[in-house]
>>> print(open('final-v4.txt').read())   # compact mmCIF, C-alpha atoms and all ligand atoms
# COMPACT_ATOMS: atom_id res chain seq x y z
CA MET A 2 -63.45 132.72 245.34
CA PRO A 3 -61.62 131.18 248.32
CA SER A 4 -58.53 129.35 247.02
CA GLU A 5 -58.88 126.50 249.52
CA VAL A 6 -62.22 125.36 248.04
CA SER A 7 -61.65 122.41 245.76
CA PHE A 8 -63.72 121.51 242.72
CA GLU A 9 -61.69 118.37 242.04
CA GLY A 10 -64.05 115.39 241.91
CA THR A 11 -66.86 117.42 243.46
CA GLU A 12 -70.52 116.92 242.55
CA HIS A 13 -71.65 118.14 239.17
CA GLN A 14 -75.31 119.14 238.88
CA ARG A 15 -77.48 119.91 235.89
CA VAL A 16 -79.45 122.69 237.60
CA VAL A 17 -78.58 124.61 240.74
CA ILE A 18 -81.18 127.04 242.06
CA ILE A 19 -80.20 129.72 244.53
CA GLY A 20 -83.06 130.90 246.69
CA SER A 21 -86.18 129.38 248.19
CA GLY A 22 -89.05 131.79 247.74
CA PRO A 23 -91.91 131.28 245.28
CA ALA A 24 -89.54 131.76 242.32
CA GLY A 25 -86.93 129.26 243.51
CA TYR A 26 -89.39 126.54 244.51
CA THR A 27 -91.42 126.92 241.32
CA ALA A 28 -88.24 126.69 239.25
CA ALA A 29 -87.40 123.57 241.27
CA LEU A 30 -90.83 122.05 240.63
CA TYR A 31 -90.61 122.52 236.88
CA ALA A 32 -86.96 121.44 236.66
CA ALA A 33 -87.71 118.35 238.75
CA ARG A 34 -90.62 117.40 236.53
CA ALA A 35 -88.23 117.75 233.56
CA ASN A 36 -86.04 115.08 235.23
CA LEU A 37 -83.22 117.53 235.85
CA ALA A 38 -82.88 116.70 239.58
CA PRO A 39 -82.44 120.32 240.63
CA ILE A 40 -80.64 121.29 243.81
CA VAL A 41 -82.06 124.26 245.74
CA TYR A 42 -79.84 126.17 248.12
CA GLU A 43 -82.30 127.71 250.51
CA GLY A 44 -80.16 130.54 251.85
CA LEU A 45 -80.36 132.34 255.16
CA GLU A 46 -84.14 132.74 255.08
CA PRO A 47 -85.69 129.49 253.77
CA GLY A 48 -89.03 130.37 252.20
CA GLY A 49 -87.99 133.95 251.52
CA GLN A 50 -89.94 137.13 252.22
CA LEU A 51 -93.27 135.31 252.54
CA THR A 52 -92.12 133.75 255.77
CA THR A 53 -92.30 137.21 257.32
CA THR A 54 -95.96 137.60 256.31
CA THR A 55 -98.97 136.17 258.07
CA ASP A 56 -102.04 135.53 255.91
CA VAL A 57 -101.66 135.49 252.15
CA GLU A 58 -105.03 136.11 250.53
CA ASN A 59 -104.02 136.99 247.00
CA TYR A 60 -102.33 133.80 245.84
CA PRO A 61 -104.68 132.12 243.37
CA GLY A 62 -105.95 128.73 244.44
CA TYR A 63 -106.02 129.33 248.19
CA VAL A 64 -109.69 130.22 248.46
CA ASP A 65 -109.58 130.92 252.18
CA GLY A 66 -106.07 132.35 252.22
CA VAL A 67 -103.00 130.70 253.68
CA LEU A 68 -100.25 131.60 256.09
CA GLY A 69 -97.09 132.73 254.27
CA PRO A 70 -94.78 130.14 255.91
CA ALA A 71 -97.33 127.35 255.30
CA MET A 72 -97.61 128.31 251.66
CA MET A 73 -93.84 128.09 251.29
CA GLU A 74 -93.90 124.65 252.91
CA ASP A 75 -96.48 123.62 250.29
CA PHE A 76 -94.28 124.97 247.49
CA LYS A 77 -91.30 123.10 248.85
CA ALA A 78 -93.15 119.83 249.38
CA GLN A 79 -94.50 119.91 245.85
CA ALA A 80 -91.02 120.43 244.36
CA VAL A 81 -89.51 117.71 246.58
CA ARG A 82 -92.27 115.29 245.61
CA PHE A 83 -91.00 115.37 242.03
CA GLY A 84 -87.35 114.97 242.92
CA ALA A 85 -85.98 118.41 243.75
CA GLU A 86 -83.43 118.38 246.54
CA THR A 87 -83.44 121.28 248.96
CA ARG A 88 -80.37 121.99 251.02
CA TYR A 89 -79.58 124.28 253.90
CA GLY A 90 -76.75 126.60 253.02
CA SER A 91 -75.98 129.82 251.29
CA VAL A 92 -74.08 130.37 248.12
CA THR A 93 -71.17 132.59 249.09
CA HIS A 94 -69.21 132.78 245.80
CA VAL A 95 -69.76 132.06 242.14
CA ASN A 96 -67.44 131.84 239.18
CA LEU A 97 -69.47 132.16 236.00
CA SER A 98 -66.52 132.57 233.61
CA GLU A 99 -67.03 129.12 232.08
CA ARG A 100 -69.31 126.11 232.25
CA PRO A 101 -69.75 124.19 234.35
CA PHE A 102 -70.19 127.14 236.69
CA ARG A 103 -68.34 127.00 239.99
CA ILE A 104 -70.42 127.62 243.08
CA VAL A 105 -69.21 127.78 246.66
CA ILE A 106 -71.53 126.92 249.52
CA ASP A 107 -70.95 128.48 252.94
CA GLU A 108 -67.36 129.42 252.04
CA ALA A 109 -66.42 125.74 252.06
CA LYS A 110 -68.00 123.35 249.60
CA GLY A 111 -67.57 123.55 245.83
CA VAL A 112 -70.36 122.49 243.45
CA LEU A 113 -70.32 122.46 239.66
CA ALA A 114 -73.47 123.38 237.74
CA ASP A 115 -74.36 123.27 234.05
CA THR A 116 -77.07 125.85 234.61
CA LEU A 117 -77.73 128.29 237.39
CA ILE A 118 -81.10 129.76 238.30
CA ILE A 119 -80.89 132.86 240.46
CA ALA A 120 -83.93 133.31 242.68
CA THR A 121 -82.35 135.23 245.52
CA GLY A 122 -85.20 137.72 245.87
CA ALA A 123 -85.11 141.15 247.40
CA SER A 124 -85.30 142.36 250.93
CA ALA A 125 -87.47 145.22 252.06
CA ARG A 126 -85.49 147.93 253.76
CA TYR A 127 -86.45 148.71 257.31
CA LEU A 128 -85.58 151.64 259.52
CA GLY A 129 -83.56 149.38 261.80
CA LEU A 130 -85.48 150.08 265.01
CA GLU A 131 -85.56 147.36 267.64
CA ASN A 132 -89.35 147.55 268.13
CA GLU A 133 -89.95 147.66 264.38
CA LYS A 134 -88.36 144.21 264.21
CA ARG A 135 -90.14 142.91 267.30
CA LEU A 136 -93.57 143.96 265.98
CA LEU A 137 -93.02 142.75 262.43
CA GLY A 138 -96.19 140.90 261.40
CA ARG A 139 -98.00 142.36 264.42
CA GLY A 140 -98.78 145.73 262.95
CA VAL A 141 -95.47 146.42 261.23
CA SER A 142 -95.36 145.53 257.55
CA ALA A 143 -93.34 146.36 254.48
CA CYS A 144 -96.03 145.21 252.06
CA ALA A 145 -99.34 147.05 251.81
CA THR A 146 -100.57 144.73 249.05
CA CYS A 147 -100.03 141.75 251.36
CA ASP A 148 -101.24 143.16 254.64
CA GLY A 149 -103.37 146.24 253.95
CA ALA A 150 -106.69 144.41 254.14
CA PHE A 151 -106.05 143.56 257.80
CA PHE A 152 -106.31 147.22 258.73
CA ARG A 153 -109.91 148.18 258.13
CA ASP A 154 -111.25 151.41 259.59
CA VAL A 155 -108.16 152.19 261.63
CA GLU A 156 -105.45 154.86 261.41
CA LEU A 157 -102.11 153.88 259.92
CA ALA A 158 -98.69 155.45 259.47
CA ILE A 159 -96.42 154.85 256.51
CA VAL A 160 -92.85 156.03 256.13
CA GLY A 161 -91.18 156.92 252.83
CA GLY A 162 -91.34 159.54 250.11
CA GLY A 163 -90.80 157.52 246.92
CA ASP A 164 -93.22 155.95 244.46
CA THR A 165 -93.58 152.83 246.57
CA ALA A 166 -94.71 154.85 249.58
CA MET A 167 -97.20 156.79 247.42
CA GLU A 168 -98.54 153.63 245.81
CA GLU A 169 -98.85 151.83 249.13
CA ALA A 170 -100.46 154.82 250.86
CA LEU A 171 -103.04 155.05 248.08
CA PHE A 172 -103.68 151.30 248.28
CA LEU A 173 -104.16 151.53 252.04
CA THR A 174 -106.89 154.16 251.61
CA ARG A 175 -109.18 151.30 250.55
CA PHE A 176 -109.13 149.96 254.07
CA ALA A 177 -107.85 152.45 256.60
CA SER A 178 -109.79 155.41 257.92
CA LYS A 179 -106.72 157.68 257.84
CA ILE A 180 -103.12 157.39 256.68
CA TRP A 181 -100.31 159.51 258.05
CA LEU A 182 -97.46 159.59 255.55
CA VAL A 183 -94.25 160.42 257.38
CA HIS A 184 -91.39 161.81 255.31
CA ARG A 185 -87.99 162.98 256.44
CA ARG A 186 -87.74 165.94 254.06
CA ASP A 187 -90.03 168.74 252.85
CA GLU A 188 -90.17 167.35 249.33
CA LEU A 189 -91.23 163.96 248.03
CA ARG A 190 -89.00 161.86 245.79
CA ALA A 191 -91.96 160.23 244.03
CA SER A 192 -93.10 161.06 240.50
CA LYS A 193 -95.25 164.16 240.22
CA ILE A 194 -98.41 162.32 239.30
CA MET A 195 -98.15 160.01 242.31
CA GLN A 196 -97.41 162.97 244.57
CA GLN A 197 -100.48 164.72 243.25
CA ARG A 198 -102.71 161.73 243.87
CA VAL A 199 -101.48 161.44 247.42
CA LYS A 200 -101.76 165.13 248.16
CA GLU A 201 -105.28 165.29 246.79
CA HIS A 202 -106.51 162.22 248.65
CA GLY A 203 -108.73 163.09 251.55
CA LYS A 204 -107.61 160.19 253.70
CA ILE A 205 -103.87 160.87 253.48
CA GLU A 206 -102.05 163.52 255.47
CA ILE A 207 -98.33 164.12 255.04
CA ILE A 208 -96.15 164.82 258.04
CA TRP A 209 -93.10 166.61 256.65
CA ASN A 210 -89.54 166.83 257.96
CA THR A 211 -90.15 164.04 260.40
CA ILE A 212 -88.53 160.75 261.23
CA VAL A 213 -89.92 157.74 263.06
CA THR A 214 -87.77 157.08 266.11
CA ASP A 215 -89.73 154.21 267.68
CA VAL A 216 -92.65 151.86 267.14
CA LEU A 217 -94.91 151.57 270.16
CA GLY A 218 -96.93 148.63 271.45
CA ALA A 219 -96.52 145.58 273.67
CA GLU A 220 -98.12 142.82 271.59
CA GLU A 221 -99.35 144.84 268.62
CA VAL A 222 -98.63 148.27 267.22
CA THR A 223 -100.40 151.05 269.09
CA GLY A 224 -98.44 154.00 267.76
CA VAL A 225 -95.21 155.48 266.47
CA ARG A 226 -92.89 158.05 268.01
CA LEU A 227 -92.03 160.91 265.68
CA ARG A 228 -89.29 163.50 265.77
CA ASP A 229 -89.44 166.77 263.85
CA VAL A 230 -85.97 167.07 262.32
CA LYS A 231 -86.00 170.86 262.54
CA SER A 232 -87.27 171.46 266.05
CA GLN A 233 -86.18 168.03 267.38
CA ALA A 234 -89.55 167.91 269.16
CA GLU A 235 -90.89 164.41 269.76
CA ARG A 236 -94.50 163.29 269.86
CA ASP A 237 -96.43 160.04 269.76
CA LEU A 238 -98.95 159.30 267.04
CA SER A 239 -101.63 156.75 267.78
CA VAL A 240 -101.92 154.23 264.91
CA ARG A 241 -102.75 150.52 264.59
CA GLY A 242 -100.40 149.74 261.77
CA PHE A 243 -97.00 150.94 260.57
CA PHE A 244 -95.93 150.41 256.98
CA VAL A 245 -92.32 150.82 255.94
CA ALA A 246 -91.89 151.83 252.29
CA ILE A 247 -88.33 153.06 252.03
CA GLY A 248 -87.29 150.79 249.18
CA HIS A 249 -86.12 147.25 248.54
CA THR A 250 -82.66 145.88 248.06
CA PRO A 251 -82.30 143.01 245.60
CA ASN A 252 -80.10 140.23 246.96
CA THR A 253 -77.77 140.24 244.00
CA ASP A 254 -74.38 141.29 245.38
CA LEU A 255 -72.93 137.88 244.49
CA PHE A 256 -73.43 138.57 240.81
CA THR A 257 -72.35 142.19 240.51
CA SER A 258 -69.16 141.44 238.64
CA TRP A 259 -70.79 138.89 236.33
CA LEU A 260 -74.22 140.09 235.20
CA ASP A 261 -75.79 143.29 233.92
CA MET A 262 -77.83 145.07 236.54
CA ASP A 263 -79.88 148.23 236.61
CA SER A 264 -78.90 151.18 238.77
CA GLN A 265 -80.63 149.63 241.79
CA GLY A 266 -78.96 146.23 241.47
CA TYR A 267 -81.80 144.28 239.85
CA ILE A 268 -80.49 141.68 237.40
CA GLN A 269 -81.29 142.47 233.80
CA THR A 270 -82.84 139.68 231.77
CA LEU A 271 -83.54 139.52 228.08
CA PRO A 272 -87.08 140.78 227.44
CA GLY A 273 -89.68 138.04 227.58
CA SER A 274 -87.29 135.52 229.10
CA THR A 275 -85.24 134.85 232.21
CA ARG A 276 -81.96 134.67 230.30
CA THR A 277 -79.10 136.81 231.51
CA LYS A 278 -76.10 137.91 229.49
CA ILE A 279 -74.30 134.68 230.47
CA GLN A 280 -75.60 131.62 228.66
CA GLY A 281 -76.86 129.06 231.13
CA VAL A 282 -77.53 131.60 233.89
CA PHE A 283 -81.17 132.54 234.44
CA ALA A 284 -82.73 135.00 236.86
CA CYS A 285 -86.28 135.01 238.18
CA GLY A 286 -88.42 136.50 240.94
CA ASP A 287 -87.72 139.72 242.76
CA ALA A 288 -83.98 139.56 242.03
CA GLN A 289 -84.90 140.76 238.53
CA ASP A 290 -88.29 142.44 239.10
CA HIS A 291 -88.72 145.71 240.92
CA VAL A 292 -92.12 146.40 239.39
CA TYR A 293 -94.56 143.63 240.37
CA ARG A 294 -92.85 141.89 243.33
CA GLN A 295 -95.74 139.50 243.99
CA ALA A 296 -95.55 135.84 244.96
CA VAL A 297 -97.56 134.88 241.92
CA THR A 298 -95.37 136.82 239.49
CA ALA A 299 -92.24 135.42 241.15
CA ALA A 300 -93.64 131.90 240.76
CA GLY A 301 -94.43 132.66 237.12
CA THR A 302 -90.88 133.75 236.34
CA GLY A 303 -89.55 130.76 238.32
CA CYS A 304 -91.46 128.52 235.93
CA MET A 305 -90.01 130.46 232.99
CA ALA A 306 -86.47 130.05 234.34
CA ALA A 307 -86.83 126.27 234.61
CA ILE A 308 -88.21 126.05 231.08
CA ASP A 309 -85.42 128.31 229.78
CA ALA A 310 -82.82 126.14 231.57
CA GLU A 311 -84.36 122.93 230.26
CA ARG A 312 -84.34 124.23 226.69
CA PHE A 313 -80.79 125.45 227.08
CA LEU A 314 -79.65 122.03 228.27
CA ALA A 315 -81.64 120.27 225.56
CA SER A 316 -80.05 122.44 222.91
CA GLY A 317 -76.76 120.74 223.87
CA PRO A 318 -74.24 123.56 224.08
CA GLU A 319 -70.90 122.02 222.98
CA ASP A 320 -69.02 122.81 226.13
CA ILE A 321 -71.43 121.12 228.54
CA SER A 322 -69.77 117.96 229.77
P1 LIG A 401 -86.97 155.15 246.47
O1 LIG A 401 -85.53 154.88 246.70
O2 LIG A 401 -87.38 155.85 245.25
O3 LIG A 401 -87.56 155.98 247.70
C1 LIG A 401 -87.27 155.63 249.00
C2 LIG A 401 -87.89 156.68 249.91
O4 LIG A 401 -87.68 156.29 251.24
C3 LIG A 401 -87.28 158.07 249.72
O5 LIG A 401 -88.28 159.04 249.80
C4 LIG A 401 -86.33 158.17 250.90
O6 LIG A 401 -86.21 159.48 251.42
C5 LIG A 401 -87.03 157.33 251.94
N1 LIG A 401 -86.06 156.74 252.86
C6 LIG A 401 -85.00 155.95 252.55
N2 LIG A 401 -84.36 155.57 253.67
C7 LIG A 401 -85.04 156.14 254.70
C8 LIG A 401 -84.87 156.13 256.11
N3 LIG A 401 -83.88 155.43 256.68
N4 LIG A 401 -85.74 156.85 256.85
C9 LIG A 401 -86.75 157.54 256.29
N5 LIG A 401 -86.96 157.58 254.97
C10 LIG A 401 -86.13 156.89 254.19
O7 LIG A 401 -87.67 153.70 246.61
P2 LIG A 401 -89.09 153.23 246.10
O8 LIG A 401 -89.22 151.84 246.59
O9 LIG A 401 -90.13 154.19 246.44
O10 LIG A 401 -88.93 153.16 244.53
C11 LIG A 401 -87.90 152.39 243.92
C12 LIG A 401 -87.97 152.56 242.39
O11 LIG A 401 -89.13 151.91 241.90
C13 LIG A 401 -88.09 154.02 241.99
O12 LIG A 401 -87.38 154.19 240.79
C14 LIG A 401 -89.55 154.21 241.75
O13 LIG A 401 -89.84 155.25 240.86
C15 LIG A 401 -89.94 152.83 241.20
N6 LIG A 401 -91.36 152.57 241.46
C16 LIG A 401 -92.25 152.86 240.51
C17 LIG A 401 -93.58 152.65 240.72
C18 LIG A 401 -94.53 152.99 239.64
O14 LIG A 401 -94.11 153.54 238.65
N7 LIG A 401 -95.79 152.69 239.79
C19 LIG A 401 -94.11 152.10 241.96
C20 LIG A 401 -93.08 151.84 242.93
C21 LIG A 401 -91.76 152.08 242.67
P3 LIG A 401 -85.46 160.65 250.60
O15 LIG A 401 -86.39 161.02 249.51
O16 LIG A 401 -85.25 161.70 251.61
O17 LIG A 401 -84.18 160.02 250.13
>>> encode(input="final-v4.txt", output="structure tokens", more="lines below")
Ligand code: NDP
Amino acid sequence: MPSEVSFEGTEHQRVVIIGSGPAGYTAALYAARANLAPIVYEGLEPGGQLTTTTDVENYPGYVDGVLGPAMMEDFKAQAVRFGAETRYGSVTHVNLSERPFRIVIDEAKGVLADTLIIATGASARYLGLENEKRLLGRGVSACATCDGAFFRDVELAIVGGGDTAMEEALFLTRFASKIWLVHRRDELRASKIMQQRVKEHGKIEIIWNTIVTDVLGAEEVTGVRLRDVKSQAERDLSVRGFFVAIGHTPNTDLFTSWLDMDSQGYIQTLPGSTRTKIQGVFACGDAQDHVYRQAVTAAGTGCMAAIDAERFLASGPEDIS
């Protein structure tokens, strides 16, 4: 906590929400409708992971699908309509030792909050290749569930050797004509049953001991460049889509010293609720969910967090001023 940030006479909010994906905006909608005038700090990527997706076809209610960024604008507008305030800025420090909680925005501004809803999401890991970034949304994806249906009857490559890669490769078999699963070692990390399903699937072929060194294509993906880690030989593989499935990182570093997390950094909540081990702090969306990771489940837990916060405030904890 930077010592120069003052909390003297600063604003004191009932509900502060960190994060602006489906979880954060849904929490804002419900908290606003409960007259709690929530403040949403949108973070570095307003709208969250969905703003890196094109069409979303699996969010209930959008019969013809919707573009990810447009859907997040809808979420935001609906929350704002009922009185939520969204602000640019990232939370850079928190002190959760007592209520009201102390929150620092962009290393500079102090805000006090009676309750805090964490909706900071998770970020898909990428290989870090320049062309992977350039072609994101144009053949490069980190979400087979979101984007798989756009790749019918074409060949795809997917990188990763864990359960996510297996699950996504199997999902992609519904659409693609062939899936090349590229893994850097000669052994998969995934559970045995998932490995077996992948190995037995006629549409999936594993390329062992190989890394992806480049993604090819001017406007859209046309292939990937592979390097055999043993022979160092390079070759190009012609594919129309490239899926990255090398894990996700929850955006929870801010809370490491305050909340219980699992071994991967996902915030642990009490079963059936969004409550964390600190009273008045709630976590929702991908920051606490490594299993489902869908917009609709994130929105669902965002709703839960707002209801949990509302009930907490209504229960009138003695030390809330
Ligand atoms: P994991 O960390 O389990 O696996 C990541 C995979 O990506 C590993 O095979 C790793 O290779 C590979 N990888 C990492 N970095 C790179 C890189 N830079 N280049 C190439 N390959 C790379 O992540 P998952 O997302 O697969 O799974 C996370 C957790 O969620 C796991 O506990 C998993 O079991 C669980 N899960 C469970 C599911 C289920 O039960 N249905 C579904 C999905 C996930 P290497 O093996 O060489 O390290």
>>> atom_distance(input="final-v4.txt", atom1="CA of Pro61 in chain A", atom2="CA of Gln269 in chain A")
27.3 Å
>>> residues_around(input="final-v4.txt", residues="range 12-29 of chain A", least_positions_apart="4", cutoff="6 Å", atoms="only C-alpha atoms", output="number ranges by chain")
A: 33, 39-44, 47-49, 76-77, 80, 85, 112-121, 286, 296, 299-300, 303-304, 307
>>> closest_residue(input="final-v4.txt", among="A:Gln197, A:Ser264, A:Ser4, A:Thr174", to="ligand LIG 401 (chain A)", atoms="all atoms listed in the file")
A:Ser264
>>> closest_residue(input="final-v4.txt", among="A:Gly281, A:Gly129, A:Gly203, A:Gly266", to="ligand LIG 401 (chain A)", atoms="all atoms listed in the file")
A:Gly129
>>> residues_near_ligand(input="final-v4.txt", ligand="ligand LIG 401 (chain A)", cutoff="7 Å", atoms="all atoms listed in the file", output="PyMOL selection string")
chain A and resi 128+160-166+168+184-186+189-192+212+246-249+291-292
>>> closest_residue(input="final-v4.txt", among="A:Met305, A:Val141, A:Leu171, A:Val230", to="Asp187 in chain A", atoms="all atoms listed in the file")
A:Val230
>>> closest_residue(input="final-v4.txt", among="A:Phe83, A:Phe244, A:Trp181, A:Tyr127", to="Ala145 in chain A", atoms="only C-alpha atoms")
A:Phe244
>>> atom_distance(input="final-v4.txt", atom1="CA of Phe152 in chain A", atom2="CA of Leu182 in chain A")
15.5 Å
>>> atom_distance(input="final-v4.txt", atom1="CA of Val213 in chain A", atom2="CA of Leu173 in chain A")
19.0 Å
>>> closest_residue(input="final-v4.txt", among="A:Val6, A:Leu137, A:Ala315, A:Val95", to="Thr52 in chain A", atoms="all atoms listed in the file")
A:Leu137
>>> closest_residue(input="final-v4.txt", among="A:Leu271, A:Ile279, A:Val67, A:Val225", to="Ser258 in chain A", atoms="all atoms listed in the file")
A:Ile279
>>> residues_around(input="final-v4.txt", residues="Glu58 in chain A", least_positions_apart="5", cutoff="8 Å", atoms="all atoms listed in the file", output="PDB file with C-alpha atoms, in the frame of the given file")
ATOM      1  CA  TYR A  63    -106.020 129.330 248.190  1.00  0.00           C
ATOM      2  CA  VAL A  64    -109.690 130.220 248.460  1.00  0.00           C
ATOM      3  CA  ASP A  65    -109.580 130.920 252.180  1.00  0.00           C
ATOM      4  CA  GLY A  66    -106.070 132.350 252.220  1.00  0.00           C
ATOM      5  CA  VAL A  67    -103.000 130.700 253.680  1.00  0.00           C
ATOM      6  CA  CYS A 147    -100.030 141.750 251.360  1.00  0.00           C
TER       7      CYS A 147
END
>>> residues_around(input="final-v4.txt", residues="Glu311 in chain A", least_positions_apart="2", cutoff="8 Å", atoms="only C-alpha atoms", output="PyMOL selection string")
chain A and resi 32+35+37+307-309+313-315
>>> residues_around(input="final-v4.txt", residues="Pro251 in chain A", least_positions_apart="4", cutoff="10 Å", atoms="all atoms listed in the file", output="JSON, numbers by chain")
{"A": [121, 122, 123, 124, 125, 265, 266, 267, 268, 287, 288, 289, 290, 291]}
>>> residues_around(input="final-v4.txt", residues="Ile194 in chain A", least_positions_apart="4", cutoff="10 Å", atoms="all atoms listed in the file", output="PyMOL selection string")
chain A and resi 164+167+198-200
>>> axis_aligned_box(input="final-v4.txt", around="range 298-302 of chain A", padding_each_side="4 Å", output="lines of an AutoDock Vina configuration file")
center_x = -93.1
center_y = 134.4
center_z = 238.7
size_x = 12.5
size_y = 12.9
size_z = 12.8
